[in-house]
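A.B. asks: Got structure.csv for you, CSV, C-alpha atoms (C1' of nucleotides):
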```
chain,number,residue,atom,x,y,z
A,29,MET,CA,0.0,0.0,0.0
A,30,ASN,CA,2.8,2.3,1.0
A,31,LEU,CA,4.8,1.3,-2.0
A,32,ALA,CA,1.8,1.8,-4.3
A,33,PHE,CA,1.2,5.3,-3.1
A,34,LYS,CA,4.8,6.0,-3.5
A,35,ALA,CA,4.8,4.6,-7.0
A,36,LEU,CA,1.8,6.7,-7.9
A,37,ASN,CA,3.4,9.9,-6.7
A,38,ASP,CA,5.1,10.6,-9.9
A,39,ALA,CA,3.7,11.8,-13.2
A,40,THR,CA,6.1,9.7,-15.3
A,41,ARG,CA,5.1,6.5,-13.5
A,42,ARG,CA,1.4,7.3,-13.8
A,43,GLU,CA,1.9,7.8,-17.6
A,44,ILE,CA,3.7,4.5,-17.8
A,45,LEU,CA,0.7,2.8,-16.2
A,46,GLN,CA,-1.6,4.4,-18.7
A,47,LEU,CA,0.6,3.2,-21.6
A,48,LEU,CA,0.5,-0.3,-20.2
A,49,GLN,CA,-3.2,-0.1,-19.8
A,50,GLU,CA,-3.4,-0.1,-23.6
A,51,ARG,CA,-0.9,-2.8,-24.3
A,52,ASP,CA,2.1,-4.6,-22.9
A,53,MET,CA,5.4,-2.9,-23.9
A,54,THR,CA,9.1,-3.6,-23.7
A,55,ALA,CA,11.3,-1.4,-21.6
A,56,GLY,CA,12.7,0.1,-24.8
A,57,GLU,CA,9.3,1.0,-26.2
A,58,ILE,CA,8.5,2.7,-22.9
A,59,VAL,CA,11.7,4.6,-23.0
A,60,ASP,CA,10.9,5.9,-26.5
A,61,LYS,CA,7.7,7.5,-25.2
A,62,PHE,CA,9.6,9.8,-22.9
A,63,ARG,CA,12.4,12.3,-23.0
A,64,ILE,CA,14.0,10.7,-20.0
A,65,SER,CA,17.1,8.5,-20.1
A,66,GLY,CA,16.8,4.7,-20.2
A,67,PRO,CA,18.3,4.2,-16.8
A,68,SER,CA,15.8,6.6,-15.3
A,69,ILE,CA,12.9,4.8,-16.9
A,70,SER,CA,14.4,1.6,-15.7
A,71,HIS,CA,14.4,2.9,-12.2
A,72,HIS,CA,10.7,4.0,-12.5
A,73,LEU,CA,9.8,0.6,-13.8
A,74,ASP,CA,11.6,-0.9,-10.8
A,75,LEU,CA,9.5,1.1,-8.4
A,76,LEU,CA,6.3,0.2,-10.2
A,77,LYS,CA,7.4,-3.5,-9.9
A,78,GLN,CA,8.2,-3.1,-6.2
A,79,ALA,CA,4.7,-1.7,-5.8
A,80,LYS,CA,3.4,-4.7,-7.8
A,81,LEU,CA,1.6,-2.3,-10.1
A,82,VAL,CA,3.4,-4.0,-13.1
A,83,THR,CA,5.0,-7.3,-13.8
A,84,ALA,CA,8.0,-8.0,-16.0
A,85,VAL,CA,8.6,-11.0,-18.2
A,86,LYS,CA,11.8,-11.6,-20.1
A,87,GLU,CA,11.5,-12.8,-23.7
A,88,GLY,CA,14.9,-13.2,-25.3
A,89,GLN,CA,16.7,-9.9,-25.0
A,90,PHE,CA,13.5,-8.0,-24.4
A,91,ILE,CA,11.6,-7.5,-21.1
A,92,TYR,CA,7.9,-7.1,-21.5
A,93,TYR,CA,6.1,-5.0,-18.9
A,94,SER,CA,2.4,-5.5,-18.1
A,95,LEU,CA,-0.1,-3.8,-15.9
A,96,ASN,CA,-1.2,-5.7,-12.8
A,97,THR,CA,-4.5,-4.5,-11.5
A,98,THR,CA,-4.5,-6.3,-8.2
A,99,VAL,CA,-3.0,-3.4,-6.3
A,100,VAL,CA,-5.2,-1.0,-8.2
A,101,ASP,CA,-8.1,-2.9,-6.6
A,102,GLU,CA,-6.6,-2.5,-3.1
A,103,ILE,CA,-6.2,1.3,-3.6
A,104,LEU,CA,-9.7,1.6,-4.9
A,105,LYS,CA,-11.0,-0.2,-1.9
A,106,TRP,CA,-8.9,2.0,0.4
A,107,MET,CA,-10.2,5.2,-1.3
A,108,MET,CA,-13.8,4.0,-1.0
A,109,GLN,CA,-13.7,4.3,2.8
A,110,PHE,CA,-14.0,8.0,2.4
A,111,LYS,CA,-17.2,7.7,0.4
A,112,SER,CA,-19.2,6.3,3.3
A,113,LYS,CA,-22.0,8.4,4.7
A,114,LYS,CA,-21.2,10.9,7.3
A,115,LYS,CA,-23.0,10.0,10.5
B,10,MET,CA,-4.3,15.4,-9.1
B,11,ASN,CA,-0.5,15.7,-8.7
B,12,LEU,CA,-1.0,17.4,-5.3
B,13,ALA,CA,-3.5,14.7,-4.3
B,14,PHE,CA,-1.1,11.9,-5.0
B,15,LYS,CA,1.7,13.8,-3.2
B,16,ALA,CA,-0.6,14.3,-0.2
B,17,LEU,CA,-1.5,10.6,-0.2
B,18,ASN,CA,2.1,9.5,-0.3
B,19,ASP,CA,2.6,9.7,3.5
B,20,ALA,CA,1.3,7.4,6.2
B,21,THR,CA,0.6,10.2,8.7
B,22,ARG,CA,-1.4,12.2,6.2
B,23,ARG,CA,-3.4,9.1,5.2
B,24,GLU,CA,-4.2,8.5,8.9
B,25,ILE,CA,-5.3,12.1,9.3
B,26,LEU,CA,-7.8,11.6,6.5
B,27,GLN,CA,-9.1,8.5,8.2
B,28,LEU,CA,-9.5,10.4,11.5
B,29,LEU,CA,-11.4,13.1,9.7
B,30,GLN,CA,-13.6,10.6,8.0
B,31,GLU,CA,-15.1,9.8,11.4
B,32,ARG,CA,-15.5,13.4,12.5
B,33,ASP,CA,-14.2,17.0,12.1
B,34,MET,CA,-11.3,17.8,14.4
B,35,THR,CA,-9.3,20.8,15.5
B,36,ALA,CA,-5.6,21.0,14.7
B,37,GLY,CA,-4.8,20.3,18.3
B,38,GLU,CA,-7.0,17.2,18.5
B,39,ILE,CA,-5.2,15.9,15.5
B,40,VAL,CA,-1.8,16.7,17.0
B,41,ASP,CA,-2.8,14.7,20.1
B,42,LYS,CA,-3.4,11.6,18.0
B,43,PHE,CA,0.2,11.4,16.9
B,44,ARG,CA,3.7,11.5,18.4
B,45,ILE,CA,4.8,14.2,16.0
B,46,SER,CA,5.3,17.9,16.8
B,47,GLY,CA,2.5,20.4,16.3
B,48,PRO,CA,4.4,22.2,13.5
B,49,SER,CA,4.9,19.0,11.6
B,50,ILE,CA,1.2,18.1,11.8
B,51,SER,CA,0.5,21.7,10.8
B,52,HIS,CA,2.6,21.2,7.7
B,53,HIS,CA,0.9,17.9,6.9
B,54,LEU,CA,-2.5,19.7,7.2
B,55,ASP,CA,-1.2,22.3,4.8
B,56,LEU,CA,-0.3,19.8,2.2
B,57,LEU,CA,-3.7,18.1,2.6
B,58,LYS,CA,-5.3,21.5,2.2
B,59,GLN,CA,-3.3,22.3,-0.9
B,60,ALA,CA,-4.5,19.0,-2.4
B,61,LYS,CA,-8.0,20.0,-1.4
B,62,LEU,CA,-8.4,16.8,0.5
B,63,VAL,CA,-9.4,18.7,3.6
B,64,THR,CA,-10.9,22.1,4.3
B,65,ALA,CA,-10.2,24.3,7.3
B,66,VAL,CA,-12.6,26.6,9.1
B,67,LYS,CA,-11.6,28.9,11.9
B,68,GLU,CA,-13.8,29.1,15.0
B,69,GLY,CA,-12.5,31.4,17.6
B,70,GLN,CA,-9.0,30.3,18.5
B,71,PHE,CA,-9.6,26.8,17.0
B,72,ILE,CA,-9.3,25.7,13.4
B,73,TYR,CA,-11.6,22.8,12.5
B,74,TYR,CA,-10.5,20.5,9.8
B,75,SER,CA,-12.9,18.5,7.6
B,76,LEU,CA,-12.5,15.9,5.0
B,77,ASN,CA,-13.4,17.0,1.4
B,78,THR,CA,-14.3,14.0,-0.8
B,79,THR,CA,-14.4,15.9,-4.1
B,80,VAL,CA,-10.8,15.0,-4.8
B,81,VAL,CA,-11.3,11.5,-3.6
B,82,ASP,CA,-13.8,11.1,-6.3
B,83,GLU,CA,-11.4,12.3,-8.9
B,84,ILE,CA,-8.8,9.8,-7.8
B,85,LEU,CA,-11.3,7.0,-7.8
B,86,LYS,CA,-12.3,8.0,-11.3
B,87,TRP,CA,-8.6,8.1,-12.4
B,88,MET,CA,-7.9,4.7,-10.8
B,89,MET,CA,-11.0,3.2,-12.5
B,90,GLN,CA,-9.4,3.6,-15.9
B,91,PHE,CA,-7.2,0.6,-15.1
B,92,LYS,CA,-10.2,-1.6,-14.5
B,93,SER,CA,-11.4,-1.5,-18.1
B,94,LYS,CA,-11.3,-4.8,-20.1
B,95,LYS,CA,-8.1,-5.7,-21.8
B,96,LYS,CA,-8.8,-5.9,-25.5
C,6,DA,C1',34.3,-15.0,-31.4
C,7,DT,C1',32.9,-10.3,-32.1
C,8,DA,C1',29.8,-6.7,-32.7
C,9,DA,C1',25.3,-4.9,-32.0
C,10,DT,C1',21.2,-4.5,-29.3
C,11,DA,C1',18.3,-4.3,-24.9
C,12,DT,C1',18.2,-3.5,-20.3
C,13,DT,C1',19.9,-2.9,-15.7
C,14,DT,C1',23.3,-1.5,-12.1
C,15,DA,C1',26.4,1.8,-10.0
C,16,DG,C1',27.6,6.1,-8.5
C,17,DA,C1',27.0,11.1,-8.4
C,18,DT,C1',24.3,15.2,-7.7
C,19,DA,C1',20.6,18.6,-7.2
C,20,DT,C1',16.0,18.9,-5.4
C,21,DT,C1',12.3,17.6,-2.4
C,22,DT,C1',10.5,16.0,1.9
C,23,DG,C1',9.5,15.2,6.9
C,24,DT,C1',10.9,16.5,11.1
C,25,DC,C1',12.5,19.5,14.7
C,26,DT,C1',12.9,23.9,17.8
C,27,DA,C1',12.1,28.7,18.3
C,28,DA,C1',9.5,32.6,17.2
C,29,DA,C1',5.3,34.9,15.4
C,30,DT,C1',0.2,35.6,15.2
C,31,DA,C1',-4.4,35.4,16.9
C,32,DT,C1',-7.9,34.6,20.3
C,33,DT,C1',-9.7,34.1,24.9
C,34,DT,C1',-9.5,34.6,29.9
C,35,DA,C1',-8.2,36.7,34.3
D,22,DT,C1',-3.7,44.9,29.6
D,23,DA,C1',-1.2,40.7,30.7
D,24,DA,C1',-1.1,35.8,30.6
D,25,DA,C1',-2.6,31.6,28.7
D,26,DT,C1',-4.0,28.8,24.8
D,27,DA,C1',-4.2,27.3,19.7
D,28,DT,C1',-2.0,27.3,15.6
D,29,DT,C1',1.1,28.6,12.1
D,30,DT,C1',5.5,30.4,10.1
D,31,DA,C1',10.5,30.4,9.7
D,32,DG,C1',14.7,28.3,9.4
D,33,DA,C1',17.7,24.3,9.8
D,34,DC,C1',19.0,19.5,8.7
D,35,DA,C1',19.1,14.6,7.6
D,36,DA,C1',17.0,11.4,4.5
D,37,DA,C1',14.6,10.2,0.3
D,38,DT,C1',14.0,11.0,-4.7
D,39,DA,C1',14.6,11.8,-9.8
D,40,DT,C1',17.8,12.4,-12.9
D,41,DC,C1',22.1,11.8,-15.3
D,42,DT,C1',26.5,9.3,-17.5
D,43,DA,C1',29.4,5.4,-17.5
D,44,DA,C1',29.8,0.6,-16.9
D,45,DA,C1',28.0,-4.2,-16.5
D,46,DT,C1',25.1,-8.1,-18.1
D,47,DA,C1',22.6,-10.8,-21.3
D,48,DT,C1',21.0,-12.0,-25.7
D,49,DT,C1',21.1,-12.2,-30.8
D,50,DA,C1',23.3,-11.7,-35.3
D,51,DT,C1',27.4,-11.5,-38.3
```
Can you give me the file's structure in the form of structure tokens?
C.D. replies:
Amino acid sequence: MNLAFKALNDATRREILQLLQERDMTAGEIVDKFRISGPSISHHLDLLKQAKLVTAVKEGQFIYYSLNTTVVDEILKWMMQFKSKKK
Amino acid sequence: MNLAFKALNDATRREILQLLQERDMTAGEIVDKFRISGPSISHHLDLLKQAKLVTAVKEGQFIYYSLNTTVVDEILKWMMQFKSKKK
DNA sequence: ATAATATTTAGATATTTGTCTAAATATTTA
DNA sequence: TAAATATTTAGACAAATATCTAAATATTAT
């Protein structure tokens, strides 16, 4: 939960999640979508992975990143607590 | 949105939101719930206010803080995009 | 085997963040 | 008006963060 909020607290990482919502992508494809160095994107991907918001699968020399919505569900559930009626 | 995610990226601030979900509280009441100095809590309250997650109303020498769910709705909506079916 | 490609790891640096104490401001009470 | 109470503002500092370049690792192609 803590890691998820940390991961979400960055515009680049949120954009990466939105890209992956459309389709799985390799690290290189993701890098090409930004004007940030490869290593920086790699670091962002690592944080997203730590938060379990994405998963990574190696295929040959490529690594495919995918969105993992499990943690999204947890956050949605956590946020919903604030929607309960005021007593 | 950016400010909201920043505000949520801290356990103390998330706890403050949960306290305010139960009832409005003064700054002092909130301070008493934590083992953090008053100025630090005041700073956290300021960030929550900047993010529009809380509102503050002065009543005499007290300042009452309340939860504001408008931004919560925005975040819920934003998170929901990741729930759409994969094509 | 060597070169090329894809990605990460390491190390450095400037900025941001959470916390503190001391001081300032505002309100109420004696 | 002076003292007490509630809260914030200011300034300092250590820890965390986002970014970079250079180097390392792993895979594929020549």
A.B. asks: For region 12-25 of chain C, please output as a PDB file with C-alpha atoms (C1' of nucleotides), keeping the file's coordinate frame all residues within 8 Å (counting all atoms listed in the file; exclusion window: fewer than 4 positions along the same chain).
C.D. replies:
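Saved result, around.pdb, follows:
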```pdb
ATOM      1  CA  ALA A  55      11.300  -1.400 -21.600  1.00  0.00           C
ATOM      2  CA  GLY A  56      12.700   0.100 -24.800  1.00  0.00           C
ATOM      3  CA  PRO A  67      18.300   4.200 -16.800  1.00  0.00           C
ATOM      4  CA  SER A  70      14.400   1.600 -15.700  1.00  0.00           C
ATOM      5  CA  PHE A  90      13.500  -8.000 -24.400  1.00  0.00           C
ATOM      6  CA  ILE A  91      11.600  -7.500 -21.100  1.00  0.00           C
TER       7      ILE A  91
ATOM      8  CA  SER B  46       5.300  17.900  16.800  1.00  0.00           C
ATOM      9  CA  SER B  49       4.900  19.000  11.600  1.00  0.00           C
TER      10      SER B  49
ATOM     11  C1'  DA D  37      14.600  10.200   0.300  1.00  0.00           C
ATOM     12  C1'  DT D  38      14.000  11.000  -4.700  1.00  0.00           C
ATOM     13  C1'  DA D  44      29.800   0.600 -16.900  1.00  0.00           C
ATOM     14  C1'  DA D  45      28.000  -4.200 -16.500  1.00  0.00           C
ATOM     15  C1'  DT D  46      25.100  -8.100 -18.100  1.00  0.00           C
TER      16       DT D  46
END
```
A.B. asks: Enumerate, as a list in words, the protein, DNA and RNA residues whose atoms approach (8.9, 34.6, 15.4) to within 10 Å, taking into account only C-alpha atoms (C1' of nucleotides) and the coordinate frame of the file.
C.D. replies: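 It turns out the residues near that spot are DA27, DA28, DA29 and DT30 of chain C; DT30 and DA31 of chain D.
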A.B. asks: Provide as a list in words the residues of chain A at most 12 Å from chain D, counting all atoms listed in the file.
C.D. replies: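 The answer, sorted by residue number, is Lys34, Ala35, Asn37, Asp38, Ala39, Thr40, Arg41, Arg63, Ile64, Ser65, Gly66, Pro67, Ser68, Ile69, Ser70, His71, His72, Leu75, Lys86, Glu87, Gly88, Gln89, Phe90 and Ile91 of chain A.
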A.B. asks: Enter the distance from CA of Leu76 (chain A) to CA of Thr78 (chain B), in Å, rounded to one decimal.
C.D. replies: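 Going from CA of Leu76 (chain A) over to CA of Thr78 (chain B), I get 26.5 Å.
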A.B. asks: Mind listing as a PDB file with C-alpha atoms, in the frame of the given file which residues of chain B are within 8 Å of chain A, counting only C-alpha atoms?
C.D. replies:
```
ATOM      1  CA  ASN B  11      -0.500  15.700  -8.700  1.00  0.00           C
ATOM      2  CA  PHE B  14      -1.100  11.900  -5.000  1.00  0.00           C
ATOM      3  CA  LYS B  15       1.700  13.800  -3.200  1.00  0.00           C
ATOM      4  CA  LEU B  17      -1.500  10.600  -0.200  1.00  0.00           C
ATOM      5  CA  ASN B  18       2.100   9.500  -0.300  1.00  0.00           C
ATOM      6  CA  ASP B  19       2.600   9.700   3.500  1.00  0.00           C
ATOM      7  CA  ALA B  20       1.300   7.400   6.200  1.00  0.00           C
ATOM      8  CA  GLN B  27      -9.100   8.500   8.200  1.00  0.00           C
ATOM      9  CA  GLN B  30     -13.600  10.600   8.000  1.00  0.00           C
ATOM     10  CA  GLU B  31     -15.100   9.800  11.400  1.00  0.00           C
ATOM     11  CA  THR B  78     -14.300  14.000  -0.800  1.00  0.00           C
ATOM     12  CA  VAL B  81     -11.300  11.500  -3.600  1.00  0.00           C
ATOM     13  CA  LEU B  85     -11.300   7.000  -7.800  1.00  0.00           C
ATOM     14  CA  MET B  88      -7.900   4.700 -10.800  1.00  0.00           C
ATOM     15  CA  MET B  89     -11.000   3.200 -12.500  1.00  0.00           C
ATOM     16  CA  PHE B  91      -7.200   0.600 -15.100  1.00  0.00           C
ATOM     17  CA  LYS B  92     -10.200  -1.600 -14.500  1.00  0.00           C
ATOM     18  CA  LYS B  95      -8.100  -5.700 -21.800  1.00  0.00           C
TER      19      LYS B  95
END
```
A.B. asks: Would you superpose chain B on chain A, least squares on all C-alpha atoms in order, and hand back the fitted chain as an mmCIF file with C-alpha atoms, in the coordinates of the input?
C.D. replies:
```
data_model
loop_
_atom_site.group_PDB
_atom_site.id
_atom_site.type_symbol
_atom_site.label_atom_id
_atom_site.label_comp_id
_atom_site.auth_asym_id
_atom_site.auth_seq_id
_atom_site.Cartn_x
_atom_site.Cartn_y
_atom_site.Cartn_z
ATOM 1 C CA MET B 10 -0.035 -0.001 -0.010
ATOM 2 C CA ASN B 11 2.784 2.376 1.034
ATOM 3 C CA LEU B 12 4.812 1.309 -2.041
ATOM 4 C CA ALA B 13 1.734 1.759 -4.246
ATOM 5 C CA PHE B 14 1.173 5.299 -3.132
ATOM 6 C CA LYS B 15 4.912 6.050 -3.513
ATOM 7 C CA ALA B 16 4.821 4.597 -7.037
ATOM 8 C CA LEU B 17 1.759 6.695 -7.886
ATOM 9 C CA ASN B 18 3.332 9.886 -6.651
ATOM 10 C CA ASP B 19 5.150 10.640 -9.946
ATOM 11 C CA ALA B 20 3.729 11.852 -13.230
ATOM 12 C CA THR B 21 6.040 9.715 -15.391
ATOM 13 C CA ARG B 22 5.182 6.548 -13.524
ATOM 14 C CA ARG B 23 1.447 7.326 -13.761
ATOM 15 C CA GLU B 24 1.847 7.781 -17.546
ATOM 16 C CA ILE B 25 3.683 4.480 -17.802
ATOM 17 C CA LEU B 26 0.718 2.758 -16.192
ATOM 18 C CA GLN B 27 -1.595 4.405 -18.667
ATOM 19 C CA LEU B 28 0.595 3.244 -21.585
ATOM 20 C CA LEU B 29 0.521 -0.262 -20.228
ATOM 21 C CA GLN B 30 -3.193 -0.161 -19.807
ATOM 22 C CA GLU B 31 -3.490 -0.072 -23.596
ATOM 23 C CA ARG B 32 -0.949 -2.801 -24.245
ATOM 24 C CA ASP B 33 2.164 -4.619 -22.897
ATOM 25 C CA MET B 34 5.411 -2.924 -23.859
ATOM 26 C CA THR B 35 9.115 -3.614 -23.728
ATOM 27 C CA ALA B 36 11.373 -1.409 -21.628
ATOM 28 C CA GLY B 37 12.713 0.172 -24.758
ATOM 29 C CA GLU B 38 9.277 0.995 -26.175
ATOM 30 C CA ILE B 39 8.507 2.698 -22.944
ATOM 31 C CA VAL B 40 11.793 4.608 -22.988
ATOM 32 C CA ASP B 41 10.912 5.861 -26.490
ATOM 33 C CA LYS B 42 7.696 7.409 -25.209
ATOM 34 C CA PHE B 43 9.514 9.794 -22.925
ATOM 35 C CA ARG B 44 12.397 12.281 -23.032
ATOM 36 C CA ILE B 45 14.063 10.688 -20.041
ATOM 37 C CA SER B 46 17.151 8.442 -20.074
ATOM 38 C CA GLY B 47 16.821 4.675 -20.269
ATOM 39 C CA PRO B 48 18.262 4.213 -16.748
ATOM 40 C CA SER B 49 15.767 6.598 -15.269
ATOM 41 C CA ILE B 50 12.826 4.814 -16.914
ATOM 42 C CA SER B 51 14.421 1.572 -15.735
ATOM 43 C CA HIS B 52 14.347 2.877 -12.191
ATOM 44 C CA HIS B 53 10.745 4.030 -12.533
ATOM 45 C CA LEU B 54 9.842 0.492 -13.780
ATOM 46 C CA ASP B 55 11.571 -0.895 -10.731
ATOM 47 C CA LEU B 56 9.555 1.143 -8.363
ATOM 48 C CA LEU B 57 6.345 0.173 -10.198
ATOM 49 C CA LYS B 58 7.435 -3.435 -9.925
ATOM 50 C CA GLN B 59 8.165 -3.146 -6.233
ATOM 51 C CA ALA B 60 4.639 -1.763 -5.749
ATOM 52 C CA LYS B 61 3.385 -4.680 -7.791
ATOM 53 C CA LEU B 62 1.662 -2.329 -10.140
ATOM 54 C CA VAL B 63 3.391 -3.921 -13.090
ATOM 55 C CA THR B 64 4.939 -7.299 -13.795
ATOM 56 C CA ALA B 65 7.939 -7.989 -15.997
ATOM 57 C CA VAL B 66 8.558 -11.001 -18.196
ATOM 58 C CA LYS B 67 11.750 -11.594 -20.091
ATOM 59 C CA GLU B 68 11.558 -12.747 -23.714
ATOM 60 C CA GLY B 69 14.874 -13.170 -25.317
ATOM 61 C CA GLN B 70 16.740 -9.897 -25.041
ATOM 62 C CA PHE B 71 13.471 -7.967 -24.370
ATOM 63 C CA ILE B 72 11.643 -7.501 -21.098
ATOM 64 C CA TYR B 73 7.882 -7.055 -21.508
ATOM 65 C CA TYR B 74 6.095 -5.045 -18.948
ATOM 66 C CA SER B 75 2.406 -5.516 -18.068
ATOM 67 C CA LEU B 76 -0.002 -3.739 -15.894
ATOM 68 C CA ASN B 77 -1.139 -5.679 -12.744
ATOM 69 C CA THR B 78 -4.520 -4.419 -11.465
ATOM 70 C CA THR B 79 -4.493 -6.363 -8.189
ATOM 71 C CA VAL B 80 -3.000 -3.408 -6.374
ATOM 72 C CA VAL B 81 -5.239 -1.010 -8.156
ATOM 73 C CA ASP B 82 -8.101 -2.789 -6.624
ATOM 74 C CA GLU B 83 -6.663 -2.450 -3.192
ATOM 75 C CA ILE B 84 -6.249 1.274 -3.623
ATOM 76 C CA LEU B 85 -9.752 1.647 -4.921
ATOM 77 C CA LYS B 86 -10.985 -0.271 -1.913
ATOM 78 C CA TRP B 87 -8.901 1.962 0.449
ATOM 79 C CA MET B 88 -10.148 5.148 -1.255
ATOM 80 C CA MET B 89 -13.779 3.919 -1.017
ATOM 81 C CA GLN B 90 -13.684 4.189 2.751
ATOM 82 C CA PHE B 91 -13.973 7.966 2.381
ATOM 83 C CA LYS B 92 -17.185 7.657 0.435
ATOM 84 C CA SER B 93 -19.187 6.247 3.336
ATOM 85 C CA LYS B 94 -22.045 8.423 4.749
ATOM 86 C CA LYS B 95 -21.170 10.962 7.342
ATOM 87 C CA LYS B 96 -23.082 10.090 10.473
#
```
A.B. asks: One decimal, Å: what's the distance from CA of Met53 (chain A) over to CA of Ala84 (chain A), could you say?
C.D. replies: 9.8 Å
A.B. asks: Work out how far C1' of DA35 (chain C) is from CA of Asp41 (chain B), in Å to one decimal.
C.D. replies: 26.7 Å
A.B. asks: Would you please work out which residue, of A:Thr83, A:Asp74, A:Tyr93, A:Arg42, is nearest to Thr54 (chain A) when using all atoms listed in the file?
C.D. replies: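 Closest to Thr54 (chain A), using all atoms listed in the file: A:Tyr93.
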